[in-house]
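Participant: Sharing work.txt here; it has compact mmCIF, C-alpha atoms and all ligand atoms.
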# COMPACT_ATOMS: atom_id res chain seq x y z
CA MET A 1 -12.02 -54.40 -22.30
CA THR A 2 -8.55 -53.81 -20.85
CA SER A 3 -6.18 -52.12 -23.26
CA LEU A 4 -2.42 -52.47 -23.64
CA GLY A 5 0.13 -49.70 -23.45
CA VAL A 6 3.50 -50.91 -24.68
CA ASN A 7 6.53 -49.38 -22.99
CA ILE A 8 9.38 -49.19 -25.51
CA ASP A 9 12.14 -47.83 -23.25
CA HIS A 10 14.08 -51.09 -23.41
CA ILE A 11 14.48 -50.81 -27.16
CA ALA A 12 16.23 -47.49 -26.58
CA ASN A 13 18.29 -49.18 -23.82
CA VAL A 14 19.87 -51.46 -26.41
CA ARG A 15 20.68 -48.50 -28.65
CA GLU A 16 22.15 -46.48 -25.78
CA ALA A 17 24.34 -49.43 -24.77
CA ARG A 18 26.39 -48.52 -27.85
CA LYS A 19 25.37 -44.87 -28.27
CA THR A 20 24.55 -45.60 -31.87
CA ASN A 21 21.37 -45.27 -33.93
CA GLU A 22 19.94 -48.77 -33.74
CA PRO A 23 17.56 -50.21 -32.76
CA ASP A 24 15.36 -47.17 -33.26
CA PRO A 25 12.32 -47.11 -30.94
CA VAL A 26 10.34 -44.95 -33.38
CA PRO A 27 9.71 -47.54 -36.13
CA MET A 28 9.45 -50.20 -33.41
CA ALA A 29 6.49 -48.30 -31.96
CA MET A 30 4.77 -48.70 -35.32
CA LEU A 31 5.34 -52.45 -35.14
CA ALA A 32 3.90 -52.52 -31.63
CA GLU A 33 0.81 -50.73 -32.94
CA LEU A 34 0.52 -53.21 -35.80
CA GLY A 35 0.62 -56.00 -33.18
CA GLY A 36 -2.33 -54.43 -31.34
CA ALA A 37 -0.85 -51.91 -28.88
CA ASP A 38 -3.50 -49.42 -27.82
CA GLY A 39 -0.86 -46.95 -26.75
CA ILE A 40 2.88 -46.35 -26.62
CA THR A 41 4.58 -45.40 -23.37
CA VAL A 42 8.01 -43.85 -22.97
CA HIS A 43 9.83 -42.57 -19.92
CA LEU A 44 12.01 -39.56 -20.65
CA ARG A 45 14.45 -39.66 -17.77
CA GLU A 46 16.46 -36.75 -16.47
CA ASP A 47 19.68 -38.63 -17.29
CA ARG A 48 18.37 -39.66 -20.78
CA ARG A 49 19.59 -43.21 -20.17
CA HIS A 50 17.25 -44.64 -22.80
CA ILE A 51 14.61 -42.48 -24.51
CA GLN A 52 16.03 -39.29 -26.03
CA ASP A 53 14.29 -35.97 -26.78
CA ARG A 54 14.48 -36.79 -30.47
CA ASP A 55 12.56 -40.05 -29.91
CA LEU A 56 9.78 -38.24 -28.11
CA LYS A 57 9.43 -35.61 -30.86
CA LEU A 58 9.30 -38.24 -33.61
CA LEU A 59 6.91 -40.47 -31.64
CA ARG A 60 4.56 -37.53 -31.21
CA GLU A 61 4.46 -37.25 -35.00
CA THR A 62 4.17 -40.95 -35.77
CA VAL A 63 2.22 -42.69 -33.00
CA LYS A 64 -1.26 -43.37 -34.31
CA THR A 65 -2.75 -44.68 -31.05
CA ARG A 66 -1.94 -42.74 -27.85
CA LEU A 67 1.36 -41.47 -26.53
CA ASN A 68 1.82 -41.70 -22.77
CA LEU A 69 4.81 -39.77 -21.42
CA GLU A 70 6.18 -41.01 -18.13
CA MET A 71 8.21 -38.36 -16.38
CA ALA A 72 9.28 -36.86 -13.08
CA ALA A 73 7.45 -33.73 -11.95
CA THR A 74 10.37 -31.39 -12.66
CA GLU A 75 10.35 -27.99 -14.39
CA GLU A 76 12.37 -29.33 -17.30
CA MET A 77 9.95 -32.21 -17.91
CA ILE A 78 6.86 -30.03 -17.52
CA ASP A 79 8.18 -27.66 -20.23
CA ILE A 80 8.83 -30.63 -22.52
CA ALA A 81 5.36 -32.08 -21.90
CA LEU A 82 3.71 -28.74 -22.65
CA GLU A 83 5.70 -28.46 -25.88
CA ILE A 84 5.13 -32.04 -27.07
CA SER A 85 1.56 -32.39 -25.78
CA PRO A 86 1.39 -36.17 -25.28
CA ASP A 87 -2.03 -37.81 -24.94
CA MET A 88 -1.29 -38.42 -21.27
CA VAL A 89 1.43 -37.74 -18.73
CA THR A 90 2.16 -40.31 -16.05
CA LEU A 91 4.05 -38.78 -13.15
CA VAL A 92 6.57 -41.16 -11.59
CA PRO A 93 9.20 -40.84 -8.88
CA GLU A 94 12.73 -40.87 -10.28
CA ARG A 95 16.11 -41.55 -8.74
CA ARG A 96 19.27 -41.59 -10.81
CA GLU A 97 20.65 -44.66 -9.02
CA GLU A 98 17.62 -46.84 -9.62
CA VAL A 99 17.61 -49.53 -12.32
CA THR A 100 13.90 -48.96 -12.93
CA THR A 101 11.12 -47.01 -11.20
CA GLU A 102 11.05 -48.47 -7.71
CA GLY A 103 8.08 -47.47 -5.55
CA GLY A 104 5.07 -45.35 -6.37
CA LEU A 105 4.83 -41.60 -5.77
CA ALA A 106 4.29 -40.45 -2.19
CA ILE A 107 1.41 -38.16 -3.06
CA ASP A 108 0.51 -37.25 0.51
CA THR A 109 3.91 -35.71 1.27
CA GLN A 110 4.08 -33.51 -1.86
CA ALA A 111 0.42 -32.85 -2.51
CA GLN A 112 0.64 -29.10 -3.05
CA SER A 113 3.51 -29.18 -5.56
CA LEU A 114 1.96 -32.10 -7.46
CA LYS A 115 -1.40 -30.34 -7.57
CA LYS A 116 0.22 -27.36 -9.30
CA VAL A 117 1.76 -29.66 -11.92
CA ILE A 118 -1.52 -31.49 -12.46
CA ASP A 119 -3.44 -28.21 -12.83
CA LEU A 120 -0.90 -26.87 -15.31
CA LEU A 121 -0.92 -29.97 -17.50
CA GLN A 122 -4.64 -30.65 -17.31
CA THR A 123 -5.58 -27.06 -18.19
CA SER A 124 -3.45 -27.67 -21.29
CA ASN A 125 -5.63 -30.71 -22.07
CA ILE A 126 -3.05 -33.27 -21.00
CA PRO A 127 -4.68 -35.74 -18.59
CA VAL A 128 -2.42 -36.72 -15.72
CA SER A 129 -1.97 -40.16 -14.19
CA LEU A 130 -0.13 -40.73 -10.91
CA PHE A 131 1.93 -43.89 -10.46
CA ILE A 132 1.16 -45.02 -6.93
CA ASP A 133 1.33 -48.03 -4.66
CA PRO A 134 -2.04 -49.71 -4.12
CA THR A 135 -2.95 -48.08 -0.80
CA TYR A 136 -6.03 -46.09 0.13
CA LYS A 137 -3.87 -43.27 1.50
CA GLN A 138 -2.27 -42.67 -1.91
CA ILE A 139 -5.53 -43.15 -3.79
CA LYS A 140 -7.36 -40.62 -1.63
CA ALA A 141 -4.47 -38.16 -1.90
CA SER A 142 -4.46 -38.58 -5.72
CA HIS A 143 -8.15 -37.84 -5.83
CA ASN A 144 -7.77 -34.80 -3.57
CA ILE A 145 -5.27 -33.15 -5.92
CA GLY A 146 -7.35 -33.67 -9.05
CA ALA A 147 -5.59 -36.42 -11.00
CA THR A 148 -7.65 -37.96 -13.81
CA PHE A 149 -5.95 -41.37 -13.63
CA ILE A 150 -3.90 -43.39 -11.24
CA GLU A 151 -1.56 -46.17 -12.35
CA LEU A 152 -1.42 -48.87 -9.70
CA HIS A 153 2.09 -50.23 -9.16
CA THR A 154 1.93 -54.00 -9.75
CA GLY A 155 5.61 -54.57 -8.89
CA LYS A 156 4.98 -56.11 -5.48
CA TYR A 157 2.37 -58.46 -6.95
CA ALA A 158 4.78 -59.43 -9.73
CA GLU A 159 7.67 -60.10 -7.36
CA SER A 160 5.67 -61.81 -4.63
CA THR A 161 6.14 -65.42 -3.63
CA PRO A 162 3.30 -67.75 -4.59
CA LYS A 163 2.16 -67.63 -0.95
CA ASN A 164 1.86 -63.83 -0.88
CA ARG A 165 0.62 -63.38 -4.41
CA ILE A 166 -3.03 -63.63 -3.54
CA ILE A 167 -2.60 -60.91 -0.89
CA GLU A 168 -0.86 -58.59 -3.34
CA LEU A 169 -3.49 -59.32 -5.97
CA SER A 170 -6.29 -58.47 -3.57
CA LYS A 171 -4.60 -55.12 -2.79
CA ILE A 172 -4.74 -54.25 -6.50
CA LYS A 173 -8.36 -55.36 -6.72
CA GLU A 174 -9.42 -53.43 -3.63
CA SER A 175 -7.55 -50.33 -4.74
CA THR A 176 -9.25 -50.44 -8.12
CA VAL A 177 -12.68 -50.45 -6.46
CA GLN A 178 -11.70 -47.66 -4.05
CA ALA A 179 -10.32 -45.49 -6.85
CA LYS A 180 -13.33 -46.05 -9.12
CA ASN A 181 -15.66 -45.15 -6.23
CA LEU A 182 -13.86 -41.82 -5.95
CA GLY A 183 -14.26 -41.25 -9.70
CA LEU A 184 -10.62 -41.90 -10.62
CA ARG A 185 -9.75 -43.79 -13.80
CA VAL A 186 -7.39 -46.70 -13.21
CA ASN A 187 -4.39 -48.08 -15.09
CA ALA A 188 -1.81 -50.53 -13.76
CA GLY A 189 1.65 -51.79 -14.56
CA HIS A 190 5.25 -52.68 -13.69
CA GLY A 191 6.78 -56.12 -13.64
CA LEU A 192 3.91 -57.77 -15.50
CA THR A 193 4.85 -60.78 -17.63
CA TYR A 194 3.19 -63.34 -19.92
CA GLN A 195 3.04 -65.59 -16.83
CA ASN A 196 1.43 -63.24 -14.31
CA VAL A 197 -0.63 -60.81 -16.37
CA GLU A 198 -3.87 -62.75 -16.57
CA SER A 199 -4.92 -62.30 -12.94
CA ILE A 200 -4.48 -58.55 -13.30
CA ALA A 201 -6.29 -58.54 -16.65
CA CYS A 202 -9.28 -60.17 -14.90
CA ILE A 203 -9.76 -57.16 -12.60
CA LYS A 204 -12.79 -55.18 -13.71
CA GLY A 205 -12.24 -51.44 -13.78
CA ILE A 206 -8.60 -51.35 -14.87
CA GLU A 207 -8.54 -49.56 -18.21
CA GLU A 208 -4.99 -50.08 -19.37
CA LEU A 209 -1.92 -52.13 -18.50
CA ASN A 210 1.49 -50.64 -19.23
CA ILE A 211 3.95 -53.38 -20.05
CA GLY A 212 7.51 -53.14 -21.32
CA HIS A 213 10.35 -55.41 -20.33
CA THR A 214 8.68 -58.77 -20.91
CA ILE A 215 7.35 -57.76 -24.33
CA VAL A 216 10.70 -56.43 -25.54
CA SER A 217 12.37 -59.60 -24.22
CA ARG A 218 9.90 -61.85 -26.03
CA ALA A 219 10.35 -59.74 -29.17
CA LEU A 220 13.97 -60.92 -29.42
CA ALA A 221 12.65 -64.43 -30.08
CA ILE A 222 9.53 -63.81 -32.15
CA GLY A 223 9.58 -60.16 -33.24
CA LEU A 224 7.84 -57.19 -31.64
CA LYS A 225 4.61 -57.35 -33.59
CA ASP A 226 3.94 -60.95 -32.53
CA ALA A 227 5.14 -60.37 -28.97
CA VAL A 228 2.58 -57.57 -28.62
CA LYS A 229 -0.08 -59.72 -30.25
CA GLU A 230 0.53 -62.54 -27.74
CA MET A 231 0.29 -60.15 -24.79
CA LYS A 232 -2.84 -58.52 -26.18
CA GLU A 233 -4.52 -61.91 -26.49
CA LEU A 234 -3.77 -62.71 -22.82
CA ILE A 235 -5.16 -59.35 -21.73
CA ILE A 236 -8.32 -59.48 -23.81
CA ASN A 237 -9.05 -63.09 -23.04
CA PRO A 238 -7.40 -64.05 -19.74
CA ARG A 239 -7.76 -67.75 -19.08
CA LYS A 240 -7.35 -67.90 -15.34
CA GLU A 241 -7.63 -65.56 -12.45
CA LEU A 242 -4.63 -66.57 -10.43
CA VAL A 243 -1.40 -68.08 -11.65
CA ILE A 244 0.54 -69.47 -8.69
N1 LIG B 301 4.54 -48.37 -15.56
C1 LIG B 301 5.47 -47.51 -15.07
C2 LIG B 301 5.02 -46.29 -14.34
C3 LIG B 301 6.84 -47.77 -15.26
O1 LIG B 301 7.76 -46.92 -14.75
C4 LIG B 301 7.22 -48.91 -15.99
C5 LIG B 301 8.68 -49.19 -16.22
O2 LIG B 301 9.23 -48.23 -17.02
C6 LIG B 301 6.22 -49.75 -16.48
C7 LIG B 301 4.89 -49.47 -16.24
C8 LIG B 301 6.55 -50.99 -17.27
O3 LIG B 301 7.22 -51.88 -16.46
P1 LIG B 301 7.86 -53.21 -17.08
O4 LIG B 301 8.94 -52.78 -17.99
O5 LIG B 301 8.34 -53.95 -15.86
O6 LIG B 301 6.75 -53.91 -17.80
Render the structure in this file as structure tokens.
Facilitator:
Amino acid sequence: MTSLGVNIDHIANVREARKTNEPDPVPMAMLAELGGADGITVHLREDRRHIQDRDLKLLRETVKTRLNLEMAATEEMIDIALEISPDMVTLVPERREEVTTEGGLAIDTQAQSLKKVIDLLQTSNIPVSLFIDPTYKQIKASHNIGATFIELHTGKYAESTPKNRIIELSKIKESTVQAKNLGLRVNAGHGLTYQNVESIACIKGIEELNIGHTIVSRALAIGLKDAVKEMKELIINPRKELVI
């Protein structure tokens, strides 16, 4: 059964808009867990635009499910990950100017440096996932450098026109099969919504979907616990394979 990782960065975005102390993502993570989240994901960015070091420390103490730390493969972040020891690290590309993570990591062009980071974290019992575009080149390169997981970038699928959606969906499906055949474990995420998640949730072999913006948006209307519950129901019991 596909599980749900809830990304709570956008709760911290609201707090940082005023540089105050509310809303606090730490108790909100508990509500997400009560709604059925199988894991909590946060991205500690170099510029600390949303999640702060304090959030990460407190989440490590309070998250009862699994804590997935998204981060860039920098020395600063590696030291933090080794200190905090999250249940998983997801390495992502990061650019200060971007509004959100744009493309996946180009594994093939930085294989040696990424391999060192993966070895360091995984020998400290922190499994590493690589956020990549759904291409065989990146999947093979991820396998070659010893990642445990990949997270397939679903952004293109999410943003595609109805005409192209089936093509983008088939890339995710094909990539899942290719990665599983190489022995990689597969997660997916980015841009998924209540409207487009079911086709992705139907793909066999994807273990976890990481979803943030749409859940936090829905939470404004119905509360976080119920927003997570609604998403979890769609993921566990998707009604249709393709929503066009
Ligand atoms: N996965 C990764 C690697 C991400 O960077 C993000 C965005 O922070 C997500 C999943 C969640 O994306 P969204 O907020 O669009 O659901």
Participant: Identify the residues within 10 Å of coordinate (10.1, -48.2, -25.7) (same frame as the file), considering only C-alpha atoms, and give the answer as JSON, numbers by chain.
Facilitator: {"A": [6, 7, 8, 9, 10, 11, 12, 13, 24, 25, 26, 28, 29, 32, 40, 41, 42, 43, 50, 51, 55, 211, 212, 213, 216]}
Participant: Taking all atoms listed in the file into account, which of A:Asn68, A:Asn210, A:Thr154, A:Ser217 comes nearest ligand LIG 301 (chain B)?
Facilitator: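 Using all atoms listed in the file, ligand LIG 301 (chain B) sits closest to A:Asn210.
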Participant: Could you list, as an MDAnalysis selection string, all the residues within 10 Å of ligand LIG 301 (chain B), counting all atoms listed in the file?
Facilitator: chainID A and resid 5:10 41:44 69:71 90:94 99:105 129:132 150:155 158 187:193 209:217
Participant: For Asp38 of chain A, find every residue with an atom within 8 Å (counting all atoms listed in the file), except residues of its own chain fewer than 4 positions away, and show them as a PDB file with C-alpha atoms, in the frame of the given file.
Facilitator:
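Okay, this is what ended up in selection.pdb:
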ATOM      1  CA  SER A   3      -6.180 -52.120 -23.260  1.00  0.00           C
ATOM      2  CA  LEU A   4      -2.420 -52.470 -23.640  1.00  0.00           C
ATOM      3  CA  GLY A   5       0.130 -49.700 -23.450  1.00  0.00           C
ATOM      4  CA  VAL A   6       3.500 -50.910 -24.680  1.00  0.00           C
ATOM      5  CA  GLU A  33       0.810 -50.730 -32.940  1.00  0.00           C
ATOM      6  CA  THR A  65      -2.750 -44.680 -31.050  1.00  0.00           C
ATOM      7  CA  ARG A  66      -1.940 -42.740 -27.850  1.00  0.00           C
TER       8      ARG A  66
END
Participant: Can you pull out every residue within 7 Å of Thr148 of chain A, counting all atoms listed in the file, but drop anything in the same chain fewer than 3 positions away, and send it as a tab-separated table (two decimals) with C-alpha atoms, keeping the file's coordinate frame?
Facilitator:
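Once written, selection-v2.tsv looks like this:
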chain	number	residue	atom	x	y	z
A	127	PRO	CA	-4.68	-35.74	-18.59
A	128	VAL	CA	-2.42	-36.72	-15.72
A	129	SER	CA	-1.97	-40.16	-14.19
A	184	LEU	CA	-10.62	-41.90	-10.62
A	185	ARG	CA	-9.75	-43.79	-13.80
Participant: Quote the spacing between atom CA of Gln110 of chain A and atom CA of Ile167 of chain A in Å to one decimal place.
Facilitator: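 Atom-to-atom, atom CA of Gln110 of chain A to atom CA of Ile167 of chain A, that is 28.2 Å.
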Participant: I need the residue nearest Pro23 of chain A from this list: A:Thr62, A:Ile118, A:Leu220, A:Leu169. Use all atoms listed in the file for the distance.
Facilitator: A:Leu220
Participant: Please, what distance in Å, to one decimal, runs between atom CA of Thr2 of chain A and atom CA of Gly205 of chain A?
Facilitator: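 Taking atom CA of Thr2 of chain A as the start and atom CA of Gly205 of chain A as the end point, the length is 8.3 Å.
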Participant: Can you tell me how far atom CA of Ile172 of chain A sits from atom CA of Arg239 of chain A, in Å to one decimal?
Facilitator: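 According to the coordinates, atom CA of Ile172 of chain A and atom CA of Arg239 of chain A are separated by 18.7 Å.
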Participant: Put a box with edges along x, y and z around all the listed atoms of segment 20-27 of chain A, pad it by 6 Å on each side, then give me its centre and sizes in Å, one decimal, as lines of an AutoDock Vina configuration file.
Facilitator:
center_x = 17.1
center_y = -47.6
center_z = -33.5
size_x = 26.8
size_y = 17.3
size_z = 17.2
Participant: Select, from A:Lys115, A:Lys229, A:Arg60, A:Lys171, the residue with the minimum atom-to-atom distance to Met88 of chain A, counting all atoms listed in the file.
Facilitator: A:Arg60
Participant: Which is closest to Lys204 of chain A among A:Val177, A:Leu59, A:Met231, A:Ile145, if we use all atoms listed in the file?
Facilitator: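 The closest residue to Lys204 of chain A is A:Val177.
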Participant: Calculated over only C-alpha atoms, which of the candidates A:Thr123, A:Thr109, A:Asn21, A:Ser170 has the smallest distance to Ala141 of chain A?
Facilitator: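 Closest candidate: A:Thr109.
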Participant: Just checking: using only C-alpha atoms, which residue out of A:Asp79, A:Asp119, A:Glu174, A:Asp133 ends up closest to Lys156 of chain A?
Facilitator: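 Of A:Asp79, A:Asp119, A:Glu174, A:Asp133, the one nearest Lys156 of chain A, counting only C-alpha atoms, is A:Asp133.
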Participant: Got a sec: who's within 6 Å of Ile235 of chain A, counting only C-alpha atoms, leaving out chain neighbours fewer than 3 positions off, as a PyMOL selection string?
Facilitator: chain A and resi 201+232+238
Participant: Can you tell me which residues surround Lys225 of chain A at a distance of at most 6 Å, considering only C-alpha atoms, apart from same-chain residues fewer than 3 positions away, and format the answer as a list in words?
Facilitator: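 That gives Leu31, Ala32, Gly35 and Val228 of chain A.
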